[in-house]
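Engineer: You'll find target-v4.csv just under this line, and it carries CSV, C-alpha atoms and all ligand atoms.
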chain,number,residue,atom,x,y,z
K,438,MET,CA,29.6,35.3,-3.5
K,439,THR,CA,26.0,35.8,-2.3
K,440,HIS,CA,24.6,34.2,0.8
K,441,ASN,CA,22.1,31.3,0.4
K,442,ALA,CA,18.5,32.5,0.7
K,443,VAL,CA,16.7,30.9,3.6
K,444,GLY,CA,15.6,27.4,2.7
K,445,PHE,CA,18.0,27.1,-0.3
K,446,HIS,CA,21.0,24.7,-0.3
K,447,ARG,CA,24.0,25.2,-2.4
K,448,LEU,CA,24.5,22.1,-4.6
K,449,ARG,CA,27.3,21.2,-7.0
K,450,VAL,CA,26.3,20.5,-10.6
K,451,ALA,CA,27.8,17.0,-11.3
K,452,ALA,CA,26.9,16.9,-15.0
K,453,VAL,CA,25.4,18.9,-17.8
K,454,ASP,CA,24.2,16.5,-20.5
K,455,PRO,CA,22.9,17.9,-23.8
K,456,LEU,CA,19.5,16.2,-24.7
K,457,THR,CA,18.6,18.1,-27.9
K,458,ALA,CA,20.0,21.1,-29.7
K,459,ASP,CA,18.1,23.4,-27.2
K,460,SER,CA,17.9,21.4,-24.0
K,461,ALA,CA,20.1,19.8,-21.4
K,462,ALA,CA,19.8,17.7,-18.3
K,463,LEU,CA,21.5,18.9,-15.1
K,464,THR,CA,22.5,16.4,-12.5
K,465,PHE,CA,23.2,17.6,-8.9
K,466,ASP,CA,25.6,16.0,-6.4
K,467,VAL,CA,23.6,15.7,-3.1
K,468,PRO,CA,25.9,15.4,-0.1
K,469,GLU,CA,24.9,12.5,2.1
K,470,ALA,CA,23.8,14.8,4.9
K,471,LEU,CA,21.3,16.4,2.6
K,472,ALA,CA,20.0,13.1,1.0
K,473,PRO,CA,16.8,13.1,3.1
K,474,VAL,CA,16.1,16.8,2.3
K,475,PHE,CA,16.4,16.1,-1.4
K,476,SER,CA,14.6,12.8,-1.7
K,477,PHE,CA,11.7,13.4,-4.1
K,478,ARG,CA,8.4,12.0,-5.2
K,479,PRO,CA,7.6,11.5,-8.9
K,480,GLY,CA,6.4,14.7,-10.5
K,481,GLN,CA,8.0,17.1,-7.9
K,482,HIS,CA,10.1,20.1,-8.9
K,483,LEU,CA,13.1,22.1,-7.6
K,484,THR,CA,13.5,25.9,-7.5
K,485,LEU,CA,16.9,27.1,-8.7
K,486,ARG,CA,18.2,30.5,-7.6
K,487,ARG,CA,20.9,32.7,-9.0
K,488,VAL,CA,21.6,36.3,-8.3
K,489,VAL,CA,22.8,38.3,-11.3
K,490,ASP,CA,23.8,42.0,-10.8
K,491,GLY,CA,21.8,42.1,-7.6
K,492,VAL,CA,18.7,40.6,-9.3
K,493,ASP,CA,17.3,37.5,-7.6
K,494,LEU,CA,16.4,35.0,-10.3
K,495,ARG,CA,14.4,32.0,-9.4
K,496,ARG,CA,13.1,29.4,-11.7
K,497,THR,CA,11.4,26.0,-11.1
K,498,TYR,CA,12.4,22.8,-12.9
K,499,SER,CA,10.8,19.4,-12.6
K,500,VAL,CA,12.8,16.4,-11.5
K,501,CYS,CA,13.0,14.0,-14.5
K,502,SER,CA,14.5,10.9,-12.9
K,503,SER,CA,13.0,7.8,-11.2
K,504,ALA,CA,12.0,8.4,-7.6
K,505,ALA,CA,13.2,4.9,-6.9
K,506,GLY,CA,16.9,5.7,-6.4
K,507,GLY,CA,17.4,7.9,-9.5
K,508,PRO,CA,19.8,10.9,-9.3
K,509,LEU,CA,18.6,14.4,-8.6
K,510,ARG,CA,18.2,15.5,-12.2
K,511,VAL,CA,16.3,18.3,-14.0
K,512,ALA,CA,16.2,19.2,-17.7
K,513,VAL,CA,16.1,22.7,-19.0
K,514,LYS,CA,14.8,23.7,-22.4
K,515,ARG,CA,15.9,27.0,-24.0
K,516,LEU,CA,13.2,29.6,-24.2
K,517,ASP,CA,14.0,32.3,-26.8
K,518,GLY,CA,15.2,35.4,-24.9
K,519,GLY,CA,14.7,33.5,-21.6
K,520,VAL,CA,17.1,34.8,-19.0
K,521,PHE,CA,17.6,31.7,-16.9
K,522,SER,CA,17.3,28.9,-19.5
K,523,THR,CA,19.8,30.7,-21.8
K,524,TRP,CA,22.2,31.1,-18.9
K,525,VAL,CA,21.9,27.4,-18.0
K,526,LEU,CA,22.4,26.2,-21.6
K,527,ASP,CA,25.2,28.5,-22.5
K,528,GLY,CA,26.9,29.2,-19.3
K,529,LEU,CA,26.5,26.5,-16.7
K,530,ARG,CA,29.3,23.9,-16.4
K,531,PRO,CA,29.9,20.8,-14.3
K,532,GLY,CA,31.4,21.8,-11.0
K,533,ASP,CA,29.4,25.1,-10.8
K,534,GLN,CA,27.2,25.5,-7.8
K,535,LEU,CA,23.5,26.5,-7.7
K,536,GLU,CA,21.2,27.4,-4.9
K,537,VAL,CA,18.4,24.8,-4.8
K,538,LEU,CA,15.2,24.6,-2.8
K,539,PRO,CA,14.2,21.0,-1.7
K,540,PRO,CA,11.7,19.2,-3.9
K,541,ALA,CA,8.1,20.4,-3.7
K,542,GLY,CA,4.8,20.0,-5.6
K,543,ARG,CA,2.0,17.5,-5.6
K,544,PHE,CA,1.8,16.6,-9.3
K,545,GLY,CA,2.4,12.8,-9.4
K,546,PRO,CA,1.1,9.7,-7.7
K,547,HIS,CA,2.3,8.1,-4.5
K,548,VAL,CA,3.8,5.0,-6.0
K,549,ASP,CA,3.1,1.8,-4.1
K,550,PRO,CA,4.3,-1.7,-5.0
K,551,ASP,CA,1.0,-3.2,-3.9
K,552,ARG,CA,-1.1,-1.2,-6.2
K,553,THR,CA,-2.1,-2.0,-9.8
K,554,ARG,CA,-3.1,0.9,-11.9
K,555,SER,CA,-3.0,2.1,-15.4
K,556,TYR,CA,-1.6,5.6,-16.0
K,557,GLY,CA,-2.3,7.8,-19.0
K,558,LEU,CA,0.4,10.5,-19.5
K,559,ILE,CA,0.1,13.4,-21.9
K,560,ALA,CA,3.1,15.7,-22.4
K,561,ALA,CA,4.4,18.2,-25.0
K,562,GLY,CA,7.9,19.6,-25.3
K,563,SER,CA,9.7,20.2,-21.9
K,564,GLY,CA,6.4,19.1,-20.2
K,565,ILE,CA,7.9,15.6,-20.5
K,566,THR,CA,10.2,16.2,-17.4
K,567,PRO,CA,7.7,15.4,-14.6
K,568,VAL,CA,5.9,12.9,-16.7
K,569,LEU,CA,9.1,11.0,-17.4
K,570,SER,CA,9.7,10.8,-13.6
K,571,ILE,CA,6.2,9.5,-13.1
K,572,ALA,CA,6.5,6.9,-15.8
K,573,TRP,CA,9.9,5.8,-14.7
K,574,SER,CA,9.0,5.6,-11.0
K,575,VAL,CA,5.7,3.7,-11.7
K,576,LEU,CA,7.5,1.2,-13.9
K,577,ASP,CA,10.3,0.8,-11.2
K,578,VAL,CA,8.0,0.6,-8.2
K,579,GLU,CA,4.6,-0.8,-9.2
K,580,PRO,CA,5.3,-4.2,-10.9
K,581,SER,CA,1.7,-4.7,-12.1
K,582,SER,CA,1.0,-1.1,-13.3
K,583,THR,CA,1.0,0.0,-16.9
K,584,VAL,CA,1.9,3.4,-18.5
K,585,THR,CA,0.7,4.9,-21.8
K,586,LEU,CA,2.5,8.1,-22.8
K,587,VAL,CA,1.4,10.5,-25.5
K,588,TYR,CA,4.3,12.8,-26.2
K,589,GLY,CA,4.1,15.8,-28.6
K,590,ASN,CA,7.0,17.6,-30.3
K,591,ARG,CA,7.7,19.5,-33.5
K,592,THR,CA,10.2,17.0,-35.0
K,593,SER,CA,12.0,13.9,-33.9
K,594,GLY,CA,15.1,16.1,-33.3
K,595,ASP,CA,13.1,18.0,-30.7
K,596,VAL,CA,12.2,15.0,-28.6
K,597,MET,CA,13.8,15.2,-25.2
K,598,PHE,CA,14.8,11.9,-23.6
K,599,LEU,CA,14.3,9.9,-26.8
K,600,GLU,CA,17.0,7.4,-25.6
K,601,GLU,CA,15.7,7.2,-22.1
K,602,LEU,CA,12.2,6.4,-23.4
K,603,ALA,CA,13.6,3.8,-25.8
K,604,ASP,CA,15.5,2.2,-22.9
K,605,LEU,CA,12.4,2.1,-20.7
K,606,LYS,CA,10.5,0.6,-23.5
K,607,ASP,CA,13.1,-2.1,-23.8
K,608,ARG,CA,13.1,-2.8,-20.1
K,609,PHE,CA,9.3,-2.8,-19.8
K,610,PRO,CA,8.0,-3.8,-23.2
K,611,SER,CA,4.6,-5.0,-22.0
K,612,ARG,CA,4.0,-2.3,-19.5
K,613,LEU,CA,5.0,0.9,-21.4
K,614,GLN,CA,3.4,2.2,-24.5
K,615,VAL,CA,4.6,5.4,-26.2
K,616,PHE,CA,2.9,7.4,-28.9
K,617,HIS,CA,5.1,10.1,-30.4
K,618,VAL,CA,3.0,12.9,-32.0
K,619,LEU,CA,5.0,15.2,-34.3
K,620,SER,CA,3.6,18.4,-35.6
K,621,ARG,CA,6.2,19.2,-38.3
K,622,GLU,CA,7.2,15.8,-39.4
K,623,GLU,CA,5.0,13.4,-41.4
K,624,GLN,CA,4.6,10.0,-39.7
K,625,GLU,CA,3.1,6.8,-41.1
K,626,SER,CA,0.0,7.2,-39.0
K,627,GLU,CA,-2.0,10.3,-39.7
K,628,LEU,CA,-3.3,10.1,-36.1
K,629,LEU,CA,0.2,10.9,-34.8
K,630,SER,CA,1.0,13.6,-37.3
K,631,GLY,CA,0.0,17.1,-36.0
K,632,ARG,CA,-0.4,18.8,-32.6
K,633,ILE,CA,-1.8,17.3,-29.5
K,634,ASP,CA,-5.2,19.0,-29.3
K,635,GLY,CA,-8.7,18.1,-28.1
K,636,PRO,CA,-9.9,16.6,-31.4
K,637,ARG,CA,-6.8,14.5,-31.9
K,638,LEU,CA,-7.0,13.2,-28.3
K,639,THR,CA,-10.7,12.4,-28.7
K,640,ARG,CA,-9.8,10.3,-31.8
K,641,MET,CA,-7.0,8.6,-29.8
K,642,PHE,CA,-9.5,7.8,-27.0
K,643,ALA,CA,-11.8,6.2,-29.5
K,644,SER,CA,-9.0,4.0,-31.0
K,645,VAL,CA,-5.6,3.4,-29.5
K,646,LEU,CA,-6.1,4.8,-25.9
K,647,PRO,CA,-9.6,4.0,-24.5
K,648,VAL,CA,-10.2,6.2,-21.4
K,649,ASP,CA,-12.0,3.3,-19.6
K,650,GLY,CA,-8.7,1.5,-19.4
K,651,VAL,CA,-6.9,4.3,-17.5
K,652,ASP,CA,-7.1,5.0,-13.8
K,653,GLU,CA,-5.1,8.2,-13.5
K,654,TRP,CA,-4.2,10.9,-16.0
K,655,TYR,CA,-1.2,13.3,-15.8
K,656,LEU,CA,-0.9,16.2,-18.3
K,657,CYS,CA,2.0,18.6,-18.6
K,658,GLY,CA,2.8,21.0,-21.4
K,659,PRO,CA,1.8,24.4,-22.9
K,660,PHE,CA,-1.4,26.0,-21.5
K,661,GLY,CA,-3.5,25.3,-24.6
K,662,MET,CA,-2.5,21.6,-24.7
K,663,VAL,CA,-3.2,21.1,-21.0
K,664,THR,CA,-6.5,22.8,-20.9
K,665,ASP,CA,-7.7,21.2,-24.2
K,666,GLY,CA,-6.5,17.8,-23.1
K,667,ARG,CA,-8.2,18.1,-19.7
K,668,GLN,CA,-11.5,19.1,-21.4
K,669,ALA,CA,-11.2,16.2,-23.9
K,670,LEU,CA,-10.9,13.8,-21.0
K,671,LEU,CA,-13.8,15.3,-19.2
K,672,ASP,CA,-15.9,15.2,-22.4
K,673,ALA,CA,-15.0,11.5,-22.7
K,674,GLY,CA,-16.5,10.9,-19.3
K,675,VAL,CA,-13.4,10.8,-17.1
K,676,ASP,CA,-13.9,11.8,-13.5
K,677,PRO,CA,-12.2,15.2,-12.9
K,678,SER,CA,-10.5,13.9,-9.7
K,679,SER,CA,-8.5,11.5,-11.9
K,680,VAL,CA,-7.1,14.2,-14.1
K,681,HIS,CA,-4.0,16.0,-12.8
K,682,VAL,CA,-2.3,18.9,-14.6
K,683,GLU,CA,1.0,20.8,-14.2
K,684,LEU,CA,1.7,24.1,-16.0
K,685,PHE,CA,5.1,25.6,-16.5
K,686,HIS,CA,3.8,29.0,-17.5
K,687,ALA,CA,0.6,31.0,-17.8
K,688,ASP,CA,0.3,34.5,-19.2
K,689,ALA,CA,-0.4,37.1,-16.5
K,690,PRO,CA,-4.1,38.0,-16.4
K,691,PRO,CA,-5.0,41.6,-17.3
K,692,PRO,CA,-4.7,43.9,-14.2
K,693,ARG,CA,-7.9,43.9,-12.2
K,694,VAL,CA,-9.3,46.9,-10.4
K,695,ARG,CA,-10.2,45.9,-6.8
K,696,VAL,CA,-13.0,47.8,-5.2
K,697,VAL,CA,-13.1,47.9,-1.4
K,698,ALA,CA,-16.6,47.9,0.1
K,699,ALA,CA,-17.9,51.3,1.1
K,700,GLY,CA,-17.1,52.0,4.7
K,701,SER,CA,-14.5,49.3,4.9
K,702,PRO,CA,-10.8,50.4,5.4
K,703,ASP,CA,-8.5,49.7,2.4
K,704,THR,CA,-5.8,48.4,4.7
K,705,SER,CA,-5.9,44.9,6.2
K,706,THR,CA,-3.7,44.0,9.2
K,707,VAL,CA,-1.9,40.9,8.0
K,708,THR,CA,0.2,38.5,10.2
K,709,VAL,CA,2.4,36.1,8.5
K,710,VAL,CA,4.1,33.2,10.2
K,711,LEU,CA,7.3,32.2,8.4
K,712,HIS,CA,10.2,30.0,9.5
K,713,GLY,CA,8.7,30.0,13.0
K,714,ARG,CA,8.5,33.8,13.4
K,715,ALA,CA,5.4,36.0,13.1
K,716,THR,CA,5.4,39.4,11.5
K,717,THR,CA,2.4,41.8,11.3
K,718,LEU,CA,2.2,44.4,8.6
K,719,PRO,CA,-0.4,46.6,6.9
K,720,VAL,CA,-1.4,45.4,3.4
K,721,SER,CA,-3.7,47.3,1.0
K,722,LYS,CA,-6.8,45.3,-0.1
K,723,SER,CA,-6.8,47.0,-3.5
K,724,GLY,CA,-3.0,47.0,-4.1
K,725,ASP,CA,-0.3,44.5,-4.9
K,726,PRO,CA,-0.5,40.9,-3.8
K,727,VAL,CA,0.3,40.0,-0.2
K,728,LEU,CA,3.6,38.4,-1.1
K,729,ASP,CA,5.0,41.7,-2.4
K,730,ALA,CA,4.2,43.5,0.8
K,731,VAL,CA,5.6,40.6,2.9
K,732,LEU,CA,8.9,40.5,0.9
K,733,ALA,CA,9.5,44.1,1.7
K,734,VAL,CA,9.8,43.2,5.4
K,735,ARG,CA,10.6,39.4,5.3
K,736,ALA,CA,13.0,38.7,2.5
K,737,ASP,CA,12.9,35.0,3.5
K,738,ALA,CA,9.4,34.6,2.1
K,739,PRO,CA,9.4,31.7,-0.4
K,740,TYR,CA,8.5,32.3,-4.0
K,741,ALA,CA,9.6,31.5,-7.5
K,742,CYS,CA,7.3,32.3,-10.5
K,743,LYS,CA,5.0,34.9,-8.9
K,744,GLY,CA,2.6,33.9,-11.6
K,745,GLY,CA,0.4,31.4,-9.7
K,746,VAL,CA,1.9,28.3,-11.3
K,747,CYS,CA,4.7,26.9,-9.2
K,748,GLY,CA,3.1,26.8,-5.7
K,749,THR,CA,6.3,27.8,-3.9
K,750,CYS,CA,4.6,30.7,-2.1
K,751,ARG,CA,1.8,28.6,-0.5
K,752,ALA,CA,0.4,29.5,2.9
K,753,ARG,CA,-2.6,28.5,4.9
K,754,CYS,CA,-5.1,31.3,5.6
K,755,VAL,CA,-6.1,30.7,9.2
K,756,VAL,CA,-7.8,34.0,10.1
K,757,GLY,CA,-9.8,36.2,7.7
K,758,ALA,CA,-9.9,35.7,4.0
K,759,VAL,CA,-8.0,36.6,0.8
K,760,GLU,CA,-9.0,36.4,-2.8
K,761,MET,CA,-6.6,35.1,-5.5
K,762,ASP,CA,-6.2,36.5,-9.0
K,763,VAL,CA,-5.3,33.1,-10.5
K,764,ASN,CA,-4.5,29.7,-9.3
K,765,TYR,CA,-2.8,27.1,-11.5
K,766,ALA,CA,-1.0,25.3,-8.7
K,767,LEU,CA,-3.4,24.3,-5.9
K,768,GLU,CA,-5.6,21.2,-6.0
K,769,PRO,CA,-9.2,21.3,-4.8
K,770,ASP,CA,-8.3,19.6,-1.5
K,771,GLU,CA,-5.7,22.2,-0.7
K,772,LEU,CA,-8.2,25.0,-1.5
K,773,ALA,CA,-10.7,23.4,0.8
K,774,ALA,CA,-8.1,23.3,3.6
K,775,GLY,CA,-7.6,27.1,3.2
K,776,VAL,CA,-4.3,27.0,1.3
K,777,VAL,CA,-3.6,30.0,-0.9
K,778,LEU,CA,-0.9,31.3,-3.2
K,779,THR,CA,0.4,34.5,-1.5
K,780,CYS,CA,1.7,35.8,-4.8
K,781,GLN,CA,-1.9,36.0,-6.0
K,782,SER,CA,-3.7,36.9,-2.8
K,783,HIS,CA,-5.4,40.1,-1.8
K,784,PRO,CA,-6.9,40.5,1.7
K,785,THR,CA,-10.7,40.9,1.7
K,786,THR,CA,-11.1,41.1,5.5
K,787,ASP,CA,-9.6,43.7,8.0
K,788,GLU,CA,-7.5,41.0,9.7
K,789,VAL,CA,-5.7,38.1,8.0
K,790,ARG,CA,-3.3,35.5,9.4
K,791,LEU,CA,-1.3,33.4,6.9
K,792,GLU,CA,1.0,30.5,7.9
K,793,PHE,CA,3.5,29.8,5.2
K,794,LEU,CA,3.8,26.0,4.4
M,801,LIG,C1,6.2,23.7,-11.7
M,801,LIG,C2,7.1,24.1,-12.9
M,801,LIG,C3,8.0,23.2,-13.4
M,801,LIG,C4,8.8,23.6,-14.5
M,801,LIG,N1,9.6,22.6,-15.1
M,801,LIG,C5,10.4,22.9,-16.1
M,801,LIG,C6,11.2,21.9,-16.7
M,801,LIG,O1,11.3,20.8,-16.2
M,801,LIG,N2,12.0,22.3,-17.8
M,801,LIG,C7,11.9,23.6,-18.3
M,801,LIG,O2,12.7,23.8,-19.3
M,801,LIG,N3,11.1,24.5,-17.8
M,801,LIG,C8,10.4,24.2,-16.7
M,801,LIG,N4,9.6,25.2,-16.1
M,801,LIG,C9,9.7,26.6,-16.7
M,801,LIG,C10,10.8,27.3,-16.0
M,801,LIG,O3,10.6,27.5,-14.6
M,801,LIG,C11,11.1,28.7,-16.7
M,801,LIG,O4,9.8,29.4,-16.7
M,801,LIG,C12,11.6,28.6,-18.1
M,801,LIG,O5,12.9,27.9,-18.1
M,801,LIG,C13,11.8,30.0,-18.7
M,801,LIG,O6,12.7,30.7,-17.8
M,801,LIG,P1,13.6,31.9,-18.5
M,801,LIG,O7,14.3,32.6,-17.4
M,801,LIG,O8,14.5,31.2,-19.5
M,801,LIG,O9,12.6,32.8,-19.3
M,801,LIG,P2,12.1,34.2,-18.8
M,801,LIG,O10,13.2,35.2,-18.9
M,801,LIG,O11,11.5,34.1,-17.4
M,801,LIG,O12,10.9,34.5,-19.8
M,801,LIG,C14,11.0,35.0,-21.1
M,801,LIG,C15,9.6,35.3,-21.7
M,801,LIG,O13,8.9,34.1,-21.9
M,801,LIG,C16,7.7,34.0,-21.1
M,801,LIG,N5,7.8,32.6,-20.6
M,801,LIG,C17,8.4,32.2,-19.4
M,801,LIG,N6,8.2,30.8,-19.3
M,801,LIG,C18,7.6,30.4,-20.4
M,801,LIG,C19,7.2,29.1,-20.8
M,801,LIG,N7,7.4,28.0,-20.1
M,801,LIG,N8,6.5,29.0,-22.0
M,801,LIG,C20,6.2,30.1,-22.7
M,801,LIG,N9,6.6,31.4,-22.4
M,801,LIG,C21,7.3,31.5,-21.2
M,801,LIG,C22,7.9,35.0,-20.1
M,801,LIG,O14,6.6,35.5,-19.7
M,801,LIG,C23,8.7,36.1,-20.7
M,801,LIG,O15,7.9,36.9,-21.6
M,801,LIG,C24,8.8,24.9,-15.0
M,801,LIG,C25,7.9,25.8,-14.5
M,801,LIG,C26,7.1,25.5,-13.4
M,801,LIG,C27,6.2,26.5,-12.8
M,802,LIG,S1,5.5,32.1,-6.5
M,802,LIG,FE1,4.8,30.6,-8.0
M,802,LIG,S2,2.7,30.3,-7.4
M,802,LIG,FE2,3.4,32.0,-6.2
Could you spell out this file's structure in structure tokens?
Structural biologist:
Amino acid sequence: MTHNAVGFHRLRVAAVDPLTADSAALTFDVPEALAPVFSFRPGQHLTLRRVVDGVDLRRTYSVCSSAAGGPLRVAVKRLDGGVFSTWVLDGLRPGDQLEVLPPAGRFGPHVDPDRTRSYGLIAAGSGITPVLSIAWSVLDVEPSSTVTLVYGNRTSGDVMFLEELADLKDRFPSRLQVFHVLSREEQESELLSGRIDGPRLTRMFASVLPVDGVDEWYLCGPFGMVTDGRQALLDAGVDPSSVHVELFHADAPPPRVRVVAAGSPDTSTVTVVLHGRATTLPVSKSGDPVLDAVLAVRADAPYACKGGVCGTCRARCVVGAVEMDVNYALEPDELAAGVVLTCQSHPTTDEVRLEFL
């Protein structure tokens, strides 16, 4: 048995419920003492950890239930050749225990019973998970708000949460509208037969889903769908601050050669503050990201994807400056407040101080 990594809690899997042929929902038992730690907002995610043959595997999964009293539940879709998803779908059983980080992430609204808003949700494949939590939470908590969901899949057999969505539609017939878009199955409406892409969304905005009627947009799915969808919304005149996106994966960018200014040392003195303890270490300005150097001396540094998408490695840069390779996780207000992704950061000044969040 391995020890829990700092910040992780060992939770018992209460249920593994198949959703489609290649996806399943995992429900966790949360002991009463941990209930406040694991209370979640719509759209947040959990990082799950498992050590296999000494390799520390961490993957992030979005909570898919209602934040208004729903169980702690995530859904995992099989990725061909994927280490963690294959293990979850083929090997995980009720009663097993997993190490879990408390809910994190800022994708999703602060639901408020006194607010009346119209939400436009666009998801494809497993991207439905945080979007379902948003829809469910809004319908449960904001009695005057409405939700329109555009949900893309290959065939009807691939649709995760088909039953849950049908139940929600039955419970909230006038407040929830769902458009299933299928790419490999003909539907009556040509508009809903194909992939969710920019041109299709633009046609939907001109007919069944006018952008003027929507206050907030939430998009989650493959990189192409999310970036095209966001662009289609901006082209339709939607304010960028109303468009929120969540990515599950982005291909690593090509390696970049970092050139240090002539006369400037290649090494920066970096101090990290983590779990209340400060550690100072040398970090190359032109080498690997700060997080890798930190992990060599502080194994308790938080991370999951190391690809700039999950946001688990966030820290605030309070002295000096760093430059990130990519950022798919931080919102503009976080960037303005000096928050950085340490898995993507390279020091650009001789001294840097990072306070992990
Ligand atoms: C914020 C966030 C929330 C997430 N929520 C969910 C969720 O609710 N449900 C869910 O099923 N997954 C979710 N993911 C994705 C999940 O964390 C894993 O990346 C996914 O399960 C694949 O892990 P794996 O170990 O099976 O594949 P790996 O062994 O890590 O990857 C195998 C190969 O596929 C590539 N790859 C990895 N992930 C993807 C991807 N998503 N799409 C395309 N190629 C990929 C890798 O680069 C690698 O080449 C989320 C990710 C993030 C960052
Ligand atoms: S570890 Fe996921 S963004 Fe850094």
Engineer: Residues near Thr664 of chain K, anyone? I mean within 9 Å using all atoms listed in the file, not counting same-chain ones fewer than 4 positions away, as a ChimeraX atom specification.
Structural biologist: /K:635,659-660,668-669,682
Engineer: Please identify every residue of segment 639-742 of chain K that has at least one atom no farther than 8 Å from an atom of segment 770-783 of chain K, counting all atoms listed in the file, and for each give the shortest atom pair and the distance in Å to one decimal, arranged by chain then increasing number, as a Markdown table.
Structural biologist:
| residue | atom | partner | partner_atom | distance |
| --- | --- | --- | --- | --- |
| K:Ser721 | CA | K:His783 | CA | 7.9 |
| K:Lys722 | CA | K:His783 | CA | 5.6 |
| K:Ser723 | CA | K:His783 | CA | 7.2 |
| K:Gly724 | CA | K:His783 | CA | 7.7 |
| K:Asp725 | CA | K:His783 | CA | 7.4 |
| K:Pro726 | CA | K:Ser782 | CA | 5.2 |
| K:Val727 | CA | K:Thr779 | CA | 5.7 |
| K:Leu728 | CA | K:Cys780 | CA | 4.9 |
| K:Asp729 | CA | K:Cys780 | CA | 7.2 |
| K:Tyr740 | CA | K:Cys780 | CA | 7.7 |
Engineer: Residues within 9 Å of ligand LIG 801 (chain M), counting all atoms listed in the file: report them as a ChimeraX atom specification.
Structural biologist: /K:460-461,481-485,494-501,511-525,541-542,544,562-567,658-660,683-689,741-742,744-749,766
Engineer: Rank K:Pro610, K:Gly506, K:Pro702, K:Gly557 by their smallest atom-to-atom distance to Pro647 of chain K, using only C-alpha atoms, and report the top residue only.
Structural biologist: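 Using only C-alpha atoms, the shortest distance to Pro647 of chain K belongs to K:Gly557.
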Engineer: Ranking K:Leu605, K:Val587, K:Leu732, K:Val443 by minimum distance to Leu628 of chain K and counting all atoms listed in the file, which one comes first?
Structural biologist: K:Val587
Engineer: Centre and edge lengths, as AutoDock Vina command-line options, for the axis-aligned box enclosing every listed atom of ligand LIG 802 (chain M) with 3 Å of padding on each of the six sides, in Å to one decimal?
Structural biologist:
--center_x 4.1 --center_y 31.2 --center_z -7.1 --size_x 8.8 --size_y 7.8 --size_z 7.8
Engineer: Neighbours of Val575 of chain K within 12 Å (all atoms listed in the file; same-chain residues fewer than 3 positions away dropped), as a ChimeraX atom specification?
Structural biologist: /K:478-480,502-505,545-558,568-572,578-585,605,609,612-613,653
Engineer: Of the candidates K:Pro690, K:Gly507, K:Gly650, K:Gly528, which one gets nearest to Val675 of chain K if we count all atoms listed in the file?
Structural biologist: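 Distance minimum relative to Val675 of chain K lands on K:Gly650.
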